[in-house]
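Data block for upload-v4.txt (compact mmCIF, C-alpha atoms and all ligand atoms):
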```
# COMPACT_ATOMS: atom_id res chain seq x y z
CA MET A 386 108.90 73.10 94.81
CA SER A 387 106.30 73.63 92.12
CA ILE A 388 105.17 77.17 91.39
CA GLN A 389 101.46 77.41 90.65
CA PRO A 390 100.40 80.08 88.18
CA ILE A 391 97.31 82.04 89.26
CA THR A 392 94.47 80.98 86.95
CA GLU A 393 91.16 82.55 86.01
CA ALA A 394 89.42 79.44 87.40
CA MET A 395 90.81 80.38 90.83
CA LEU A 396 89.28 83.85 90.49
CA ARG A 397 85.87 82.46 89.49
CA ASN A 398 85.82 80.40 92.69
CA VAL A 399 86.37 83.51 94.79
CA ILE A 400 84.41 86.32 93.13
CA ALA A 401 80.82 85.28 93.75
CA PRO A 402 77.78 87.14 92.41
CA ARG A 403 76.26 89.48 94.99
CA LEU A 404 73.12 88.19 96.72
CA ALA A 405 69.86 90.12 96.43
CA ASP A 406 69.34 89.69 100.16
CA SER A 407 72.40 91.69 101.24
CA HIS A 408 73.47 95.17 102.31
CA LYS A 409 76.70 97.13 102.73
CA GLY A 410 77.42 95.35 106.03
CA THR A 411 77.51 92.06 104.11
CA TYR A 412 80.57 93.20 102.15
CA GLY A 413 82.90 94.00 105.00
CA ARG A 414 84.34 96.95 106.85
CA LEU A 415 87.66 98.14 105.52
CA THR A 416 89.93 100.39 107.59
CA LEU A 417 93.02 101.90 105.95
CA ILE A 418 95.75 103.64 107.93
CA GLY A 419 98.52 105.72 106.40
CA GLY A 420 99.26 108.92 104.52
CA ASN A 421 101.40 111.33 106.53
CA ALA A 422 101.77 114.95 105.45
CA GLN A 423 104.27 113.97 102.72
CA PHE A 424 102.63 110.82 101.35
CA GLY A 425 98.91 111.61 101.33
CA GLY A 426 98.55 110.34 97.78
CA ALA A 427 99.49 106.80 98.84
CA ILE A 428 96.55 106.38 101.22
CA ILE A 429 94.19 108.13 98.81
CA MET A 430 95.14 105.62 96.10
CA ALA A 431 94.81 102.67 98.50
CA THR A 432 91.40 103.93 99.63
CA THR A 433 90.27 104.43 96.03
CA ALA A 434 91.22 100.85 95.18
CA GLY A 435 89.48 99.45 98.26
CA ILE A 436 86.23 101.21 97.43
CA TYR A 437 86.28 100.26 93.73
CA SER A 438 86.95 96.67 94.84
CA GLY A 439 83.58 96.67 96.60
CA ALA A 440 84.30 96.93 100.33
CA GLY A 441 80.96 97.62 102.01
CA LEU A 442 82.12 100.42 104.32
CA THR A 443 85.49 102.11 104.13
CA THR A 444 87.17 104.35 106.70
CA THR A 445 90.57 105.95 106.21
CA ILE A 446 92.70 107.07 109.13
CA THR A 447 95.25 109.64 108.01
CA ASP A 448 97.00 112.96 108.64
CA PRO A 449 94.41 115.77 108.85
CA ALA A 450 96.24 117.45 105.94
CA ASN A 451 94.79 114.78 103.62
CA VAL A 452 91.15 114.91 104.65
CA THR A 453 89.91 117.47 102.11
CA ALA A 454 91.80 115.86 99.24
CA LEU A 455 90.50 112.41 100.13
CA HIS A 456 86.91 113.60 100.49
CA THR A 457 87.14 115.44 97.19
CA ARG A 458 88.41 112.34 95.38
CA MET A 459 86.37 109.73 97.26
CA PRO A 460 83.30 110.99 99.12
CA GLU A 461 82.42 107.31 99.69
CA ALA A 462 85.20 107.12 102.31
CA MET A 463 84.79 108.09 105.95
CA VAL A 464 87.86 109.84 107.34
CA VAL A 465 89.45 110.05 110.79
CA ASP A 466 92.50 111.97 112.03
CA PHE A 467 95.35 109.52 112.72
CA ASN A 468 96.26 111.47 115.88
CA ASN A 469 92.97 110.39 117.47
CA GLN A 470 94.25 107.29 119.23
CA ALA A 471 90.92 106.21 120.75
CA LYS A 472 89.06 106.44 117.44
CA LEU A 473 91.87 104.63 115.62
CA LYS A 474 91.69 101.71 118.04
CA GLU A 475 87.89 101.58 117.80
CA LEU A 476 87.99 101.52 113.99
CA VAL A 477 90.67 98.85 113.90
CA ARG A 478 88.66 96.70 116.33
CA GLY A 479 85.54 97.02 114.17
CA ALA A 480 87.17 96.24 110.82
CA THR A 481 86.94 93.08 108.77
CA SER A 482 90.18 93.97 106.97
CA ILE A 483 92.82 96.54 107.82
CA VAL A 484 95.46 98.00 105.51
CA VAL A 485 98.32 99.72 107.31
CA GLY A 486 101.36 101.40 105.82
CA PRO A 487 100.76 103.16 102.49
CA GLY A 488 102.49 106.52 102.95
CA LEU A 489 102.51 106.09 106.74
CA GLY A 490 106.15 107.16 107.05
CA ASN A 491 108.74 105.30 109.08
CA ASP A 492 109.31 107.96 111.74
CA ASP A 493 108.17 108.01 115.41
CA GLN A 494 104.65 109.05 114.45
CA GLY A 495 104.31 106.06 112.09
CA LEU A 496 105.75 103.73 114.72
CA ARG A 497 103.27 104.88 117.39
CA ILE A 498 100.35 104.35 115.01
CA LEU A 499 101.54 100.90 113.92
CA LYS A 500 102.00 99.83 117.55
CA ASP A 501 98.41 100.91 118.31
CA VAL A 502 97.14 98.84 115.38
CA PHE A 503 99.12 95.78 116.50
CA GLU A 504 97.84 96.22 120.07
CA VAL A 505 94.15 95.92 119.19
CA VAL A 506 93.93 93.76 116.06
CA SER A 507 92.64 90.24 116.68
CA GLU A 508 92.82 86.73 115.23
CA LYS A 509 89.82 86.76 112.92
CA GLN A 510 90.79 90.03 111.23
CA VAL A 511 92.85 90.39 108.06
CA LEU A 512 95.80 92.76 108.49
CA ILE A 513 97.63 93.91 105.35
CA ILE A 514 101.06 95.31 106.15
CA ASP A 515 102.43 97.46 103.30
CA GLY A 516 105.04 100.13 102.57
CA SER A 517 106.28 102.04 105.62
CA ALA A 518 104.68 99.51 107.98
CA ILE A 519 106.96 96.79 106.57
CA ASP A 520 109.98 99.01 107.13
CA LEU A 521 108.89 99.73 110.71
CA VAL A 522 108.39 96.02 111.49
CA ALA A 523 111.88 95.29 110.13
CA THR A 524 113.70 98.25 111.71
CA HIS A 525 112.18 97.84 115.17
CA SER A 526 111.87 94.02 115.12
CA LEU A 527 108.22 94.42 116.15
CA MET A 528 106.38 91.41 117.54
CA LEU A 529 103.66 90.48 115.06
CA PRO A 530 100.08 90.31 116.32
CA ALA A 531 97.82 87.24 116.04
CA ALA A 532 95.79 88.09 112.94
CA LYS A 533 95.48 86.91 109.33
CA LEU A 534 98.66 88.67 108.24
CA ILE A 535 99.40 89.66 104.65
CA PHE A 536 102.69 91.38 103.80
CA THR A 537 103.02 93.17 100.44
CA PRO A 538 106.74 94.04 100.07
CA HIS A 539 108.57 95.09 96.93
CA GLU A 540 112.03 93.56 96.62
CA MET A 541 113.78 96.16 98.77
CA GLU A 542 111.11 95.96 101.46
CA TRP A 543 111.45 92.15 101.34
CA GLN A 544 115.20 92.54 101.77
CA ARG A 545 114.58 94.66 104.90
CA LEU A 546 111.93 92.26 106.28
CA SER A 547 113.59 88.94 105.48
CA GLY A 548 117.25 89.94 105.58
CA ILE A 549 117.75 88.39 102.12
CA PRO A 550 119.62 90.70 99.72
CA ILE A 551 117.76 91.20 96.43
CA ALA A 552 120.38 89.25 94.46
CA GLU A 553 119.84 86.23 96.74
CA GLN A 554 116.03 86.25 96.68
CA THR A 555 115.66 82.77 95.22
CA VAL A 556 112.50 80.69 95.55
CA ALA A 557 114.12 78.46 98.18
CA ASN A 558 115.44 81.36 100.26
CA ASN A 559 112.17 83.27 99.99
CA LEU A 560 110.03 80.30 101.03
CA GLN A 561 112.24 79.62 104.02
CA ALA A 562 111.95 83.23 105.20
CA ALA A 563 108.21 83.31 104.45
CA ALA A 564 107.64 80.24 106.64
CA LYS A 565 109.52 81.91 109.50
CA ILE A 566 107.60 85.18 109.24
CA GLY A 567 104.19 83.50 108.74
CA GLY A 568 101.05 84.72 107.03
CA ILE A 569 100.81 85.42 103.31
CA ILE A 570 103.74 87.14 101.60
CA VAL A 571 103.08 88.96 98.33
CA LEU A 572 106.54 89.62 96.87
CA LYS A 573 105.89 92.33 94.28
CA LYS A 574 107.99 92.43 91.14
CA HIS A 575 107.67 91.46 87.49
CA HIS A 576 105.66 88.24 87.94
CA THR A 577 104.80 88.75 91.59
CA GLN A 578 105.07 85.63 93.75
CA ILE A 579 102.76 84.81 96.64
CA ALA A 580 103.90 82.47 99.42
CA SER A 581 101.41 80.94 101.83
CA ASP A 582 101.77 77.91 104.06
CA GLY A 583 104.60 76.38 102.00
CA GLN A 584 102.77 76.94 98.70
CA LEU A 585 104.02 79.33 96.05
CA PHE A 586 101.87 81.05 93.41
CA GLU A 587 103.00 83.25 90.55
CA ASN A 588 101.18 86.03 88.75
CA PRO A 589 101.51 85.37 85.00
CA GLY A 590 100.75 89.00 84.06
CA GLY A 591 102.17 92.45 84.64
CA THR A 592 103.94 95.09 82.61
CA PRO A 593 106.62 97.75 83.10
CA ALA A 594 103.84 100.24 82.31
CA MET A 595 102.98 99.62 85.99
CA ALA A 596 106.30 100.97 87.23
CA THR A 597 105.00 104.24 88.65
CA GLY A 598 104.50 105.50 92.23
CA GLY A 599 101.25 104.41 93.83
CA MET A 600 100.89 101.11 91.98
CA GLY A 601 101.63 99.08 95.12
CA ASP A 602 99.45 101.32 97.27
CA THR A 603 96.62 100.50 94.85
CA LEU A 604 97.27 96.76 95.16
CA ALA A 605 97.24 97.01 98.97
CA GLY A 606 93.83 98.71 98.82
CA MET A 607 92.53 96.05 96.41
CA ILE A 608 93.67 93.25 98.71
CA GLY A 609 91.91 95.09 101.52
CA GLY A 610 88.67 95.34 99.54
CA PHE A 611 88.80 91.73 98.32
CA THR A 612 89.59 90.22 101.72
CA ALA A 613 86.85 92.32 103.35
CA GLN A 614 84.28 90.63 101.07
CA PHE A 615 85.54 87.14 100.34
CA ALA A 616 86.04 84.61 103.13
CA ASP A 617 88.78 82.72 101.25
CA THR A 618 91.63 85.03 102.22
CA LEU A 619 94.33 83.42 100.07
CA GLY A 620 91.93 83.25 97.11
CA ALA A 621 91.08 86.93 97.59
CA VAL A 622 94.78 87.88 97.57
CA LEU A 623 95.44 85.87 94.39
CA ALA A 624 92.40 87.42 92.70
CA ALA A 625 93.47 90.96 93.61
CA VAL A 626 97.03 90.43 92.38
CA TYR A 627 95.81 88.94 89.10
CA ILE A 628 93.17 91.57 88.31
CA HIS A 629 95.52 94.45 89.26
CA SER A 630 98.01 93.45 86.56
CA GLN A 631 95.42 92.18 84.08
CA ILE A 632 93.85 95.63 83.95
CA ALA A 633 97.31 97.16 83.50
CA ASP A 634 98.19 94.71 80.71
CA ASP A 635 94.95 95.53 78.89
CA LEU A 636 95.47 99.30 79.20
CA ALA A 637 99.15 98.97 78.22
CA HIS A 638 98.21 97.65 74.76
CA ASN A 639 97.64 101.26 73.82
CA ALA A 640 99.34 103.21 76.60
CA TYR A 641 102.99 103.69 77.46
CA VAL A 642 102.26 104.05 81.18
CA VAL A 643 99.25 103.06 83.27
CA LEU A 644 98.22 105.20 86.24
CA PRO A 645 97.23 103.53 89.51
CA THR A 646 93.93 105.44 89.62
CA GLN A 647 93.08 104.24 86.10
CA ILE A 648 93.41 100.68 87.36
CA SER A 649 91.01 101.34 90.24
CA GLU A 650 88.31 102.67 87.94
CA GLU A 651 88.36 99.43 85.92
CA ILE A 652 88.15 97.00 88.86
CA PRO A 653 84.32 96.63 89.03
CA TRP A 654 84.09 95.68 85.33
CA TYR A 655 86.65 92.93 85.72
CA MET A 656 85.12 91.60 88.95
CA LYS A 657 81.76 91.39 87.19
CA GLN A 658 83.22 89.22 84.42
CA TYR A 659 84.67 86.75 86.93
CA SER A 660 81.37 86.61 88.85
CA LEU A 661 79.42 85.50 85.75
CA PRO A 662 79.12 81.85 84.67
CA LYS A 663 81.73 80.94 82.06
CA THR A 664 80.16 80.97 78.60
CA ASN A 665 82.62 78.85 76.55
N1 LIG A 701 102.06 109.49 96.03
C1 LIG A 701 102.51 109.02 97.21
O1 LIG A 701 102.18 109.54 98.27
C2 LIG A 701 103.44 107.86 97.22
C3 LIG A 701 103.89 107.37 98.44
N2 LIG A 701 104.63 106.25 98.54
C4 LIG A 701 104.95 105.76 99.90
O2 LIG A 701 106.26 106.11 100.18
C5 LIG A 701 106.77 105.28 101.21
C6 LIG A 701 108.12 104.75 100.78
O3 LIG A 701 107.96 103.72 99.79
P1 LIG A 701 108.94 103.59 98.54
O4 LIG A 701 108.66 102.28 97.93
O5 LIG A 701 108.79 104.79 97.66
O6 LIG A 701 110.39 103.69 99.18
P2 LIG A 701 111.42 102.55 99.69
O7 LIG A 701 110.76 101.53 100.56
O8 LIG A 701 112.60 103.21 100.28
O9 LIG A 701 111.82 101.80 98.33
C7 LIG A 701 112.55 102.42 97.35
C8 LIG A 701 113.99 101.91 97.38
O10 LIG A 701 114.02 100.51 97.13
C9 LIG A 701 114.76 100.22 95.96
N3 LIG A 701 114.19 99.10 95.20
C10 LIG A 701 114.81 97.97 94.86
N4 LIG A 701 114.00 97.13 94.25
C11 LIG A 701 112.81 97.73 94.18
C12 LIG A 701 111.56 97.32 93.65
N5 LIG A 701 111.34 96.15 93.06
N6 LIG A 701 110.51 98.20 93.76
C13 LIG A 701 110.69 99.39 94.35
N7 LIG A 701 111.87 99.82 94.89
C14 LIG A 701 112.92 98.97 94.80
C15 LIG A 701 114.78 101.53 95.20
O11 LIG A 701 115.87 101.49 94.34
P3 LIG A 701 116.21 102.65 93.27
O12 LIG A 701 114.88 103.29 92.92
O13 LIG A 701 117.08 103.57 94.01
O14 LIG A 701 116.82 101.93 92.14
C16 LIG A 701 114.85 102.54 96.32
O15 LIG A 701 116.18 102.64 96.82
C17 LIG A 701 105.75 104.16 101.41
O16 LIG A 701 104.96 104.41 102.56
C18 LIG A 701 104.90 104.26 100.16
O17 LIG A 701 103.59 103.78 100.40
C19 LIG A 701 105.02 105.51 97.35
O18 LIG A 701 104.05 104.52 97.22
C20 LIG A 701 105.08 106.39 96.11
C21 LIG A 701 103.82 107.22 95.93
N1 LIG A 702 108.24 95.95 85.51
C1 LIG A 702 107.12 95.57 86.17
N2 LIG A 702 106.41 94.49 85.76
C2 LIG A 702 105.30 94.11 86.40
N3 LIG A 702 104.82 94.72 87.50
C3 LIG A 702 105.48 95.78 87.96
C4 LIG A 702 106.65 96.27 87.32
N4 LIG A 702 107.09 97.35 88.03
C5 LIG A 702 106.22 97.54 89.04
N5 LIG A 702 105.26 96.60 89.01
C6 LIG A 702 104.15 96.42 89.98
O1 LIG A 702 103.81 97.69 90.55
C7 LIG A 702 103.66 97.59 91.97
C8 LIG A 702 104.76 98.44 92.65
O2 LIG A 702 104.61 98.38 94.05
P1 LIG A 702 105.36 99.42 95.00
O3 LIG A 702 106.79 99.49 94.63
O4 LIG A 702 105.01 99.07 96.40
O5 LIG A 702 104.64 100.78 94.57
P2 LIG A 702 104.24 102.08 95.43
O6 LIG A 702 104.77 101.90 96.82
O7 LIG A 702 104.87 103.24 94.71
O8 LIG A 702 102.76 102.15 95.41
C9 LIG A 702 103.74 96.11 92.29
O9 LIG A 702 102.46 95.52 92.25
C10 LIG A 702 104.61 95.55 91.14
O10 LIG A 702 104.37 94.20 90.91
MG MG A 703 104.79 100.33 98.07
```

Could you write out this file's structure as structure tokens?
Amino acid sequence: MSIQPITEAMLRNVIAPRLADSHKGTYGRLTLIGGNAQFGGAIIMATTAGIYSGAGLTTTITDPANVTALHTRMPEAMVVDFNNQAKLKELVRGATSIVVGPGLGNDDQGLRILKDVFEVVSEKQVLIIDGSAIDLVATHSLMLPAAKLIFTPHEMEWQRLSGIPIAEQTVANNLQAAAKIGGIIVLKKHHTQIASDGQLFENPGGTPAMATGGMGDTLAGMIGGFTAQFADTLGAVLAAVYIHSQIADDLAHNAYVVLPTQISEEIPWYMKQYSLPKTN
């Protein structure tokens, strides 16, 4: 099995210049679901990343305790109470891409919300399953819905989802489990690996300056924003993974630690560079 490094040429194929004849509806509807009373920051960071990645319209469904904080940080986001089951289902149905799990919590409340998402999501939609949602799928052996599924586990979440202990997470074992689960698996670690349809890609970048809470929540939001805009779902995932760590690597030249929200603020500048014709 050959491992393909993610290249900048791949990103240039995905991140197209915006067309003059377009509007916010052209760039996708992103719905993010998560953030219980304890983990509000996770969904705020995911939302921030989705908006800075250029999603046309973003709605966040979260615990009411997080609404003021989210609005204060990101007035661009629309917000809905995650106890409003009817509204949640409507917003999932209307989304281009859905991110579920950052800070959702793996208790009964989180389980009820995840089941509602799985009930209404459909084949043409992208569904990114992160954080607590991965744990809930693993713990309750949930049936996966027909959708363009993207899982974003760290190594412990991958252990829970695949049953492979971290020490035995070899390329061969991971690919076998990924084929069984289906969809795109983004196994997050130093040099994150992405499995899709028997292919394996590796992120050449990344730094321990990224090892701080919220970094994965930010990546989940980026993948949401990228897949909402770009029709090539695998290409969008690879581009998001690459830019996420490229920004961190650049900031880490002069900084001991890189904050997730600092990464989000840089995303539009990097996307612009990849959308321009190559000069040399
Ligand atoms: N500000 C907020 O609101 C934040 C909210 N968050 C939200 O919290 C929820 C729980 O997510 P979680 O990732 O914090 O907890 P969990 O899934 O139990 O994993 C930790 C366990 O796994 C182990 N471990 C082994 N390998 C590992 C690896 N490569 N990467 C990471 N861990 C690894 C690790 O080992 P140890 O640290 O003990 O060595 C530990 O035992 C989720 O919804 C998330 O979105 C967070 O994003 C933080 C900011
Ligand atoms: N040492 C490291 N080298 C490269 N990337 C790292 C390192 N540590 C963490 N990361 C990256 O940070 C993110 C951590 O994700 P995750 O554990 O889900 O964070 P959280 O749930 O706190 O938001 C992943 O994208 C991972 O690749
Ligand atoms: Mg995480």

Would you pick out the contacts of Glu650 (chain A) at 12 Å or less, using all atoms listed in the file, so that residues sharing its chain but fewer than 4 positions from it are not included, and give the list as an mmCIF file with C-alpha atoms, in the frame of the given file?
```
data_model
loop_
_atom_site.group_PDB
_atom_site.id
_atom_site.type_symbol
_atom_site.label_atom_id
_atom_site.label_comp_id
_atom_site.auth_asym_id
_atom_site.auth_seq_id
_atom_site.Cartn_x
_atom_site.Cartn_y
_atom_site.Cartn_z
ATOM 1 C CA MET A 430 95.140 105.620 96.100
ATOM 2 C CA THR A 433 90.270 104.430 96.030
ATOM 3 C CA ALA A 434 91.220 100.850 95.180
ATOM 4 C CA GLY A 435 89.480 99.450 98.260
ATOM 5 C CA ILE A 436 86.230 101.210 97.430
ATOM 6 C CA TYR A 437 86.280 100.260 93.730
ATOM 7 C CA SER A 438 86.950 96.670 94.840
ATOM 8 C CA GLY A 439 83.580 96.670 96.600
ATOM 9 C CA MET A 459 86.370 109.730 97.260
ATOM 10 C CA THR A 603 96.620 100.500 94.850
ATOM 11 C CA MET A 607 92.530 96.050 96.410
ATOM 12 C CA HIS A 629 95.520 94.450 89.260
ATOM 13 C CA ILE A 632 93.850 95.630 83.950
ATOM 14 C CA ALA A 633 97.310 97.160 83.500
ATOM 15 C CA LEU A 636 95.470 99.300 79.200
ATOM 16 C CA VAL A 643 99.250 103.060 83.270
ATOM 17 C CA LEU A 644 98.220 105.200 86.240
ATOM 18 C CA PRO A 645 97.230 103.530 89.510
ATOM 19 C CA THR A 646 93.930 105.440 89.620
ATOM 20 C CA TRP A 654 84.090 95.680 85.330
ATOM 21 C CA TYR A 655 86.650 92.930 85.720
ATOM 22 C CA MET A 656 85.120 91.600 88.950
#
```

Distance query Ile628 (chain A) at most 10 Å, all atoms listed in the file, self and fewer than 2 positions along chain excluded, as number ranges by chain: A: 393, 396, 588, 590-591, 604, 607, 623-626, 630-634, 648, 651-652, 655-656, 659

Taking all atoms listed in the file into account, produce a table as a tab-separated table in which each residue of chain A with an atom at most 8 Å from an atom of ligand LIG 701 (chain A) appears once, together with its shortest atom pair and the distance in Å to one decimal, ordered by chain and rising number.
```
residue	atom	partner	partner_atom	distance
A:Gly419	CA	A:LIG701	O16	7.6
A:Gly420	CA	A:LIG701	O1	6.9
A:Gln423	CA	A:LIG701	O1	6.6
A:Phe424	CA	A:LIG701	O1	3.4
A:Gly425	CA	A:LIG701	O1	4.9
A:Gly426	CA	A:LIG701	O1	3.7
A:Ala427	CA	A:LIG701	O1	3.9
A:Ile428	CA	A:LIG701	O1	7.1
A:Met430	CA	A:LIG701	N1	7.9
A:Gly486	CA	A:LIG701	O16	5.7
A:Pro487	CA	A:LIG701	O17	3.6
A:Gly488	CA	A:LIG701	O16	3.3
A:Leu489	CA	A:LIG701	O16	5.1
A:Gly490	CA	A:LIG701	O16	5.4
A:Asn491	CA	A:LIG701	O16	7.6
A:Asp515	CA	A:LIG701	O17	7.0
A:Gly516	CA	A:LIG701	C17	4.3
A:Ser517	CA	A:LIG701	O16	4.1
A:Ala518	CA	A:LIG701	O16	7.3
A:Asp520	CA	A:LIG701	O7	7.1
A:His539	CA	A:LIG701	N6	4.8
A:Glu540	CA	A:LIG701	N5	4.5
A:Met541	CA	A:LIG701	C10	4.4
A:Glu542	CA	A:LIG701	O7	5.7
A:Ile551	CA	A:LIG701	N4	7.4
A:Lys573	CA	A:LIG701	N5	6.8
A:Lys574	CA	A:LIG701	N5	5.4
A:Thr597	CA	A:LIG701	C20	7.8
A:Gly598	CA	A:LIG701	C20	4.0
A:Gly599	CA	A:LIG701	C21	4.3
A:Met600	CA	A:LIG701	O18	7.0
A:Gly601	CA	A:LIG701	O18	6.3
A:Asp602	CA	A:LIG701	O18	5.6
```

Given the choices A:His575, A:Lys509, A:Arg403, A:Arg497, which gets closest to ligand LIG 702 (chain A) if the distance is worked out from all atoms listed in the file? A:His575

Restricting the calculation to all atoms listed in the file, which member of A:Thr537, A:Ser581, A:Gln544, A:Gln561 is positioned closest to ligand LIG 702 (chain A)? A:Thr537

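Distances to Phe586 (chain A) were evaluated for A:Asp493, A:Asp617, A:Ala605, A:Tyr627 using all atoms listed in the file, and the minimum falls at A:Tyr627.
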
Using only C-alpha atoms and all ligand atoms, find the one residue out of A:Pro449, A:Pro662, A:Gly583, A:Pro538 that sits nearest to ligand LIG 702 (chain A). A:Pro538

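Distances to ligand MG 703 (chain A) were evaluated for A:Tyr412, A:Phe503, A:Phe467, A:Phe536 using all atoms listed in the file, and the minimum falls at A:Phe536.
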
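Nearest to ligand MG 703 (chain A) of all the residues A:Thr592, A:Ile514, A:Ala621, A:Gln578 is A:Ile514, based on all atoms listed in the file.
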
Distance query Lys474 (chain A) at most 12 Å, all atoms listed in the file, self and fewer than 3 positions along chain excluded, as an NGL selection string: :A and (416 or 418 or 446 or 465-471 or 477-480 or 483 or 498-507)

The selected residues should be written to file as a tab-separated table (two decimals), keeping the file's coordinate frame (atoms: C-alpha atoms).
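So result-v4.tsv came out as:
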```tsv
chain	number	residue	atom	x	y	z
A	416	THR	CA	89.93	100.39	107.59
A	418	ILE	CA	95.75	103.64	107.93
A	446	ILE	CA	92.70	107.07	109.13
A	465	VAL	CA	89.45	110.05	110.79
A	466	ASP	CA	92.50	111.97	112.03
A	467	PHE	CA	95.35	109.52	112.72
A	468	ASN	CA	96.26	111.47	115.88
A	469	ASN	CA	92.97	110.39	117.47
A	470	GLN	CA	94.25	107.29	119.23
A	471	ALA	CA	90.92	106.21	120.75
A	477	VAL	CA	90.67	98.85	113.90
A	478	ARG	CA	88.66	96.70	116.33
A	479	GLY	CA	85.54	97.02	114.17
A	480	ALA	CA	87.17	96.24	110.82
A	483	ILE	CA	92.82	96.54	107.82
A	498	ILE	CA	100.35	104.35	115.01
A	499	LEU	CA	101.54	100.90	113.92
A	500	LYS	CA	102.00	99.83	117.55
A	501	ASP	CA	98.41	100.91	118.31
A	502	VAL	CA	97.14	98.84	115.38
A	503	PHE	CA	99.12	95.78	116.50
A	504	GLU	CA	97.84	96.22	120.07
A	505	VAL	CA	94.15	95.92	119.19
A	506	VAL	CA	93.93	93.76	116.06
A	507	SER	CA	92.64	90.24	116.68
```

Atom pair CA of Gly413 (chain A) + CA of Leu619 (chain A), distance 16.3 Å

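Selecting by distance to (107.3, 99.7, 78.3) with a limit of 10 Å and using only C-alpha atoms, one obtains Thr592, Pro593, Ala594, Met595, Ala596, Ala637, His638, Ala640, Tyr641 and Val642 of chain A.
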
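Across the structure, CA of Ser482 (chain A) and CA of Gln510 (chain A) are spaced 5.8 Å apart.
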
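In this structure, CA of Thr392 (chain A) sits 23.2 Å away from CA of Lys533 (chain A).
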
Please, can region 624-636 of chain A be completed to N, CA and C atoms and returned as a tab-separated table (two decimals), in the frame of the given file?
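Now in out18.tsv:
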```tsv
chain	number	residue	atom	x	y	z
A	624	ALA	N	93.30	86.74	93.64
A	624	ALA	CA	92.40	87.42	92.70
A	624	ALA	C	92.79	88.89	92.55
A	625	ALA	N	93.11	89.53	93.67
A	625	ALA	CA	93.47	90.96	93.61
A	625	ALA	C	94.77	91.16	92.83
A	626	VAL	N	95.75	90.31	93.08
A	626	VAL	CA	97.03	90.43	92.38
A	626	VAL	C	96.82	90.25	90.87
A	627	TYR	N	96.02	89.26	90.52
A	627	TYR	CA	95.81	88.94	89.10
A	627	TYR	C	95.08	90.07	88.38
A	628	ILE	N	93.98	90.54	88.98
A	628	ILE	CA	93.17	91.57	88.31
A	628	ILE	C	93.95	92.89	88.21
A	629	HIS	N	94.70	93.23	89.24
A	629	HIS	CA	95.52	94.45	89.26
A	629	HIS	C	96.40	94.51	88.01
A	630	SER	N	97.10	93.42	87.71
A	630	SER	CA	98.01	93.45	86.56
A	630	SER	C	97.28	93.16	85.25
A	631	GLN	N	96.17	92.43	85.32
A	631	GLN	CA	95.42	92.18	84.08
A	631	GLN	C	94.87	93.49	83.52
A	632	ILE	N	94.35	94.31	84.40
A	632	ILE	CA	93.85	95.63	83.95
A	632	ILE	C	95.00	96.42	83.34
A	633	ALA	N	96.15	96.41	84.01
A	633	ALA	CA	97.31	97.16	83.50
A	633	ALA	C	97.74	96.62	82.13
A	634	ASP	N	97.79	95.30	81.99
A	634	ASP	CA	98.19	94.71	80.71
A	634	ASP	C	97.23	95.15	79.60
A	635	ASP	N	95.95	95.13	79.90
A	635	ASP	CA	94.95	95.53	78.89
A	635	ASP	C	95.13	97.00	78.51
A	636	LEU	N	95.30	97.86	79.50
A	636	LEU	CA	95.47	99.30	79.20
A	636	LEU	C	96.80	99.56	78.48
```
